[in-house]
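S.K.: Below is a structure I'd like to ask you about.
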Amino acid sequence: MVEKINQLRKAKNAVILAHFYQRPEVQEIADFVGDSLQLSEQAAATGADIIVFAGVHFMAETAKILSPQKKVLLPDLNAGCSLAESCRPDDFKKFIEEHPEHTVISYVNTSADIKALTDICCTSSNALKIVNSLPKNEKIIFAPDRNLGNYIKSITGRADMLVWNGACHVHEAFSAEKLAALKKQHPGAKTLAHPECKRPVLLLADFIGSTAALLNFTRKDEAQEYIVVTEPGVIFQMQKESPQKTFLPLPGIAAPASALADDCGACNDCQFMKLTTVEKIYWALENEQPEVFVAETVRKKAEKSILRMLELSK
Ligand code: 13P
Ligand code: SF4
């Protein structure tokens with residue numbers, strides 16, 4: 001299967017981009033593995049004719065918005081995102097109309113329609129930089145993730161920041177109680193958390209950052225053991241780069257208490273991210289579908305908010 005994929009990607013000038021939450025075997029065959037920001041930068045810069053997105057729908061859409069002349073394939077069209085779903089265009093449009101003097105910043109985890117209603121996009125790795133690029137007294141709408149929004153609000157001290165009430169079901173399923181219990185079992189371990197986690201969880205973290213920032217931290221830090229409070233797919237790269245270190249995934253709220261003592265690698269997977277398989281990537285490359293499309297009127301507006309983000313992230 002991997003050999004066939006290699007032949008096809010060469011013959012068709014295709015590139016496979018994968019998020020850190022993908023299955024290990026998918027990350028292994030990707031041309032590039034990264035976080036949301038790095039993947040959108042790659043999608044904007046690639047010289048390939050076909051982009052196979054091993055990620056979720058909003059990521060493939062972002063690639064199509066930035067590279068409309070390229071064929072963008074999403075191996076399983078059911079790969080959605082609960083966070084993107086928590087912000088629907090009609091509701092969001094109404095909210096913006098109720099607050100016309102606000103600048104709209106949206107996380108990339110949104111549909112193209114939401115990006116088209118947005119002034120500047122952001123990801124978890126540049127949200128602070130994007131917010132700080134605006135004058136201190138600027139009124140801001142931050143959508144859709146309430147945990148990331150409230151975290152940014154707390155560290156910037158911005159009073160005029162309205163945060164949309166959306167969340168990701170994977171990060172919502174981490175609890176401070178389970179984290180405290182795991183910390184007790186592993187007193188020497190450092191806790192790394194993604195800012196999509198709830199505030200009580202973030203308060204227990206030693207380091208907070210995007211998936212790429214968490215990975216980078218484990219490369220440079222001297223600790224030997226870490227509790228990783230995000231989707232466990234990212235542990236594959238952490239372990240690969242630091243084979244001598246131990247990485248403990250935090251089980252989700254529904255996992256039995258006994259799971260705390262185990263390396264419960266799959267307990268809090270994002271089922272959308274895990275829909276992509278090596279087989280589906282092969283079929284996507286072979287048949288050049290399922291393809292992701294964005295209506296040109298929406299694309300043009302959405303592109304502006306993403307390009308502003310890429311410009312401000314330099
Ligand atoms: P980052 O890629 O910005 O770390 O975000 C994680 C995420 O939830 C992507 O779906
Ligand atoms: Fe969406 Fe959460 Fe899955 Fe990321 S982990 S793709 S935010 S549902």
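Residue numbering restarts at 1 for every chain of the structure tokens, chains are lettered A, B, ... in their displayed order, and ligands are numbered from 1 as they appear.
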To check your reading of the model: which residues sit at most 8 Å from ligand 1 when counting only C-alpha atoms and all ligand atoms? Write the answer as a ChimeraX atom specification.
M.R.: /A:19-21,34-37,55-56,81,109,123-125,168,194,196,209-213,231,273
S.K.: Might you pull out every residue within 12 Å of A:Asn132, with only C-alpha atoms counted and same-chain residues fewer than 6 positions away left off, and present them as a short mmCIF file (atom, residue, chain, number, x, y, z; two decimals) with C-alpha atoms, in the first residue's frame?
M.R.:
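Everything below was put into selection-v5.cif:
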```
data_model
loop_
_atom_site.label_atom_id
_atom_site.label_comp_id
_atom_site.auth_asym_id
_atom_site.auth_seq_id
_atom_site.Cartn_x
_atom_site.Cartn_y
_atom_site.Cartn_z
CA ILE A 105 -10.84 36.97 15.26
CA CYS A 122 -5.66 32.55 14.22
CA ASN A 126 -0.40 32.48 17.09
CA GLU A 138 -9.86 47.48 20.38
CA ILE A 140 -12.72 41.97 19.82
CA ILE A 152 -5.97 34.56 25.85
CA LYS A 153 -8.28 37.01 27.61
CA ILE A 155 -3.13 36.49 29.90
CA THR A 156 -3.68 39.72 27.94
CA GLY A 157 -6.02 41.27 30.51
CA ARG A 158 -8.26 42.52 27.68
CA LEU A 312 0.89 38.74 11.15
CA SER A 313 2.50 35.38 12.10
#
```
S.K.: Could you check which of A:Ile50, A:Val294, A:Met59, A:Leu179 is closest to A:Pro251, using only C-alpha atoms?
M.R.: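 Among the listed residues, A:Leu179 lies closest to A:Pro251.
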S.K.: I'd like the contact shell of stretch 162-166 of chain A - 6 Å cut-off, only C-alpha atoms, skipping same-chain residues fewer than 2 positions apart - returned as JSON, numbers by chain.
M.R.: {"A": [86, 141, 142, 143, 144, 145, 146, 149]}
S.K.: With distances taken over only C-alpha atoms and all ligand atoms, which of A:Ile306, A:Ala48, A:Leu275, A:Ala284 is nearest to ligand 2?
M.R.: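 Counting only C-alpha atoms and all ligand atoms, the residue closest to ligand 2 is A:Leu275.
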S.K.: Running DSSP on the backbone, which parts of stretch 41-183 of chain A land in alpha helix (DSSP H), as a ChimeraX atom specification?
M.R.: /A:41-45,57-66,82-85,89-98,112-116,127-132,146-156,169-172,176-183
S.K.: With only C-alpha atoms as the counted atoms, please give the residues lying no more than 10 Å from A:Glu241, apart from itself and same-chain residues fewer than 2 positions off, as a compact mmCIF listing (two decimals) with C-alpha atoms, in the first residue's frame.
M.R.:
```txt
# COMPACT_ATOMS: atom_id res chain seq x y z
CA LEU A 215 6.42 19.01 20.90
CA ASN A 216 9.09 21.69 20.79
CA THR A 218 9.71 18.21 24.97
CA ARG A 219 12.69 18.51 22.59
CA ILE A 235 2.75 11.56 21.48
CA PHE A 236 3.91 9.62 18.41
CA GLN A 237 6.22 12.49 17.34
CA MET A 238 7.25 13.27 20.94
CA GLN A 239 8.30 9.67 21.51
CA PRO A 243 12.85 7.94 22.71
CA GLN A 244 14.43 7.96 26.19
CA LYS A 245 11.55 9.99 27.72
```
S.K.: Nearest residue to ligand 2 out of A:Ile227, A:Val234, A:Ala254, A:Ile5, using only C-alpha atoms and all ligand atoms?
M.R.: A:Val234
S.K.: Enumerate as a short mmCIF file (atom, residue, chain, number, x, y, z; two decimals) with C-alpha atoms, in the first residue's frame all residues of stretch 122-217 of chain A assigned to strand (DSSP E) by DSSP on the backbone, naming them with the chain letters and numbers the document uses.
M.R.:
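Full text of out-v7.cif as output:
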```
data_model
loop_
_atom_site.label_atom_id
_atom_site.label_comp_id
_atom_site.auth_asym_id
_atom_site.auth_seq_id
_atom_site.Cartn_x
_atom_site.Cartn_y
_atom_site.Cartn_z
CA CYS A 122 -5.66 32.55 14.22
CA ILE A 140 -12.72 41.97 19.82
CA ILE A 141 -15.00 39.02 19.10
CA PHE A 142 -13.03 35.79 19.59
CA ALA A 143 -14.55 32.58 18.18
CA MET A 161 -13.13 40.64 24.31
CA LEU A 162 -16.36 38.75 23.62
CA VAL A 163 -15.74 35.01 23.54
CA LYS A 190 5.67 17.77 33.88
CA THR A 191 2.18 18.52 32.60
CA LEU A 192 1.80 19.82 29.05
CA ALA A 193 -1.65 21.11 28.03
CA PHE A 207 3.44 24.43 29.97
CA ILE A 208 0.54 25.47 27.71
#
```
S.K.: Which residues come within 8 Å of A:Val52, counting only C-alpha atoms, excluding same-chain residues fewer than 5 positions away, as a PDB file with all heavy atoms, in the first residue's frame?
M.R.:
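So out.pdb came out as:
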```pdb
ATOM      1  N   ALA A  14       1.765  14.885  -6.116  1.00  0.00           N
ATOM      2  CA  ALA A  14       0.876  15.106  -4.961  1.00  0.00           C
ATOM      3  C   ALA A  14       1.694  15.195  -3.687  1.00  0.00           C
ATOM      4  O   ALA A  14       2.798  14.651  -3.596  1.00  0.00           O
ATOM      5  CB  ALA A  14      -0.119  13.960  -4.849  1.00  0.00           C
ATOM      6  N   VAL A  15       1.124  15.895  -2.709  1.00  0.00           N
ATOM      7  CA  VAL A  15       1.780  16.006  -1.409  1.00  0.00           C
ATOM      8  C   VAL A  15       0.778  15.563  -0.333  1.00  0.00           C
ATOM      9  O   VAL A  15      -0.418  15.824  -0.465  1.00  0.00           O
ATOM     10  CB  VAL A  15       2.295  17.456  -1.200  1.00  0.00           C
ATOM     11  CG1 VAL A  15       1.167  18.447  -0.982  1.00  0.00           C
ATOM     12  CG2 VAL A  15       3.282  17.557  -0.079  1.00  0.00           C
ATOM     13  N   ILE A  16       1.281  14.856   0.674  1.00  0.00           N
ATOM     14  CA  ILE A  16       0.394  14.418   1.775  1.00  0.00           C
ATOM     15  C   ILE A  16       0.747  15.246   3.010  1.00  0.00           C
ATOM     16  O   ILE A  16       1.885  15.206   3.501  1.00  0.00           O
ATOM     17  CB  ILE A  16       0.563  12.904   2.077  1.00  0.00           C
ATOM     18  CG1 ILE A  16       0.256  12.076   0.820  1.00  0.00           C
ATOM     19  CG2 ILE A  16      -0.345  12.477   3.242  1.00  0.00           C
ATOM     20  CD1 ILE A  16       0.624  10.597   0.933  1.00  0.00           C
ATOM     21  N   LEU A  17      -0.224  16.032   3.487  1.00  0.00           N
ATOM     22  CA  LEU A  17      -0.027  16.854   4.686  1.00  0.00           C
ATOM     23  C   LEU A  17      -0.801  16.220   5.834  1.00  0.00           C
ATOM     24  O   LEU A  17      -1.987  15.902   5.685  1.00  0.00           O
ATOM     25  CB  LEU A  17      -0.545  18.281   4.454  1.00  0.00           C
ATOM     26  CG  LEU A  17       0.028  19.056   3.261  1.00  0.00           C
ATOM     27  CD1 LEU A  17      -0.551  20.469   3.219  1.00  0.00           C
ATOM     28  CD2 LEU A  17       1.561  19.135   3.339  1.00  0.00           C
ATOM     29  N   VAL A  72      -7.673  19.537  -3.878  1.00  0.00           N
ATOM     30  CA  VAL A  72      -7.479  19.203  -2.460  1.00  0.00           C
ATOM     31  C   VAL A  72      -8.370  18.016  -2.116  1.00  0.00           C
ATOM     32  O   VAL A  72      -9.593  18.062  -2.298  1.00  0.00           O
ATOM     33  CB  VAL A  72      -7.799  20.398  -1.535  1.00  0.00           C
ATOM     34  CG1 VAL A  72      -7.624  20.003  -0.074  1.00  0.00           C
ATOM     35  CG2 VAL A  72      -6.885  21.589  -1.859  1.00  0.00           C
ATOM     36  N   LEU A  73      -7.750  16.944  -1.646  1.00  0.00           N
ATOM     37  CA  LEU A  73      -8.487  15.717  -1.340  1.00  0.00           C
ATOM     38  C   LEU A  73      -8.534  15.482   0.165  1.00  0.00           C
ATOM     39  O   LEU A  73      -7.532  15.675   0.862  1.00  0.00           O
ATOM     40  CB  LEU A  73      -7.803  14.517  -2.009  1.00  0.00           C
ATOM     41  CG  LEU A  73      -7.548  14.634  -3.523  1.00  0.00           C
ATOM     42  CD1 LEU A  73      -6.740  13.438  -4.025  1.00  0.00           C
ATOM     43  CD2 LEU A  73      -8.868  14.737  -4.290  1.00  0.00           C
ATOM     44  N   LEU A  74      -9.716  15.104   0.657  1.00  0.00           N
ATOM     45  CA  LEU A  74      -9.872  14.723   2.065  1.00  0.00           C
ATOM     46  C   LEU A  74     -10.286  13.249   2.037  1.00  0.00           C
ATOM     47  O   LEU A  74     -11.393  12.928   1.608  1.00  0.00           O
ATOM     48  CB  LEU A  74     -10.949  15.589   2.735  1.00  0.00           C
ATOM     49  CG  LEU A  74     -11.167  15.365   4.228  1.00  0.00           C
ATOM     50  CD1 LEU A  74      -9.939  15.771   5.033  1.00  0.00           C
ATOM     51  CD2 LEU A  74     -12.383  16.143   4.727  1.00  0.00           C
ATOM     52  N   PRO A  75      -9.402  12.340   2.462  1.00  0.00           N
ATOM     53  CA  PRO A  75      -9.662  10.908   2.274  1.00  0.00           C
ATOM     54  C   PRO A  75     -10.990  10.411   2.842  1.00  0.00           C
ATOM     55  O   PRO A  75     -11.537   9.430   2.354  1.00  0.00           O
ATOM     56  CB  PRO A  75      -8.478  10.241   2.978  1.00  0.00           C
ATOM     57  CG  PRO A  75      -7.389  11.262   2.891  1.00  0.00           C
ATOM     58  CD  PRO A  75      -8.060  12.594   3.007  1.00  0.00           C
ATOM     59  N   ILE A 281      -6.091   6.975   2.134  1.00  0.00           N
ATOM     60  CA  ILE A 281      -5.180   7.891   1.422  1.00  0.00           C
ATOM     61  C   ILE A 281      -4.851   7.313   0.043  1.00  0.00           C
ATOM     62  O   ILE A 281      -4.854   8.016  -0.970  1.00  0.00           O
ATOM     63  CB  ILE A 281      -3.900   8.142   2.257  1.00  0.00           C
ATOM     64  CG1 ILE A 281      -4.258   8.996   3.482  1.00  0.00           C
ATOM     65  CG2 ILE A 281      -2.814   8.822   1.420  1.00  0.00           C
ATOM     66  CD1 ILE A 281      -3.130   9.225   4.451  1.00  0.00           C
ATOM     67  N   ALA A 284      -7.879   7.781  -2.195  1.00  0.00           N
ATOM     68  CA  ALA A 284      -8.035   9.193  -2.553  1.00  0.00           C
ATOM     69  C   ALA A 284      -7.058   9.561  -3.678  1.00  0.00           C
ATOM     70  O   ALA A 284      -7.428  10.199  -4.661  1.00  0.00           O
ATOM     71  CB  ALA A 284      -7.797  10.077  -1.330  1.00  0.00           C
ATOM     72  N   LEU A 285      -5.820   9.108  -3.545  1.00  0.00           N
ATOM     73  CA  LEU A 285      -4.806   9.409  -4.561  1.00  0.00           C
ATOM     74  C   LEU A 285      -5.126   8.725  -5.888  1.00  0.00           C
ATOM     75  O   LEU A 285      -4.996   9.319  -6.960  1.00  0.00           O
ATOM     76  CB  LEU A 285      -3.441   8.909  -4.062  1.00  0.00           C
ATOM     77  CG  LEU A 285      -2.545   9.923  -3.371  1.00  0.00           C
ATOM     78  CD1 LEU A 285      -1.318   9.222  -2.814  1.00  0.00           C
ATOM     79  CD2 LEU A 285      -2.110  11.036  -4.329  1.00  0.00           C
TER      80      LEU A 285
END
```
S.K.: Nearest to A:Ser111: which of A:Ala127, A:Ala11, A:Ala302, A:Pro187 is it, counting only C-alpha atoms?
M.R.: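 Nearest to A:Ser111: A:Ala302.
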S.K.: In Å, with one decimal, what is the gap from atom CA of A:Ala79 to atom CA of A:His57?
M.R.: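 Going from atom CA of A:Ala79 over to atom CA of A:His57, I get 5.8 Å.
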S.K.: Nearest to A:Leu250 among A:Thr118, A:Pro290, A:Ala173, A:Phe217, with distances taken over only C-alpha atoms: which residue is it?
M.R.: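 Smallest distance to A:Leu250 is found for A:Ala173.
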S.K.: In terms of the shortest atom-to-atom distance over only C-alpha atoms, which of A:Glu311, A:Glu296, A:Glu303, A:Glu172 is closest to A:Ile114?
M.R.: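 That would be A:Glu303, the residue with the smallest distance to A:Ile114.
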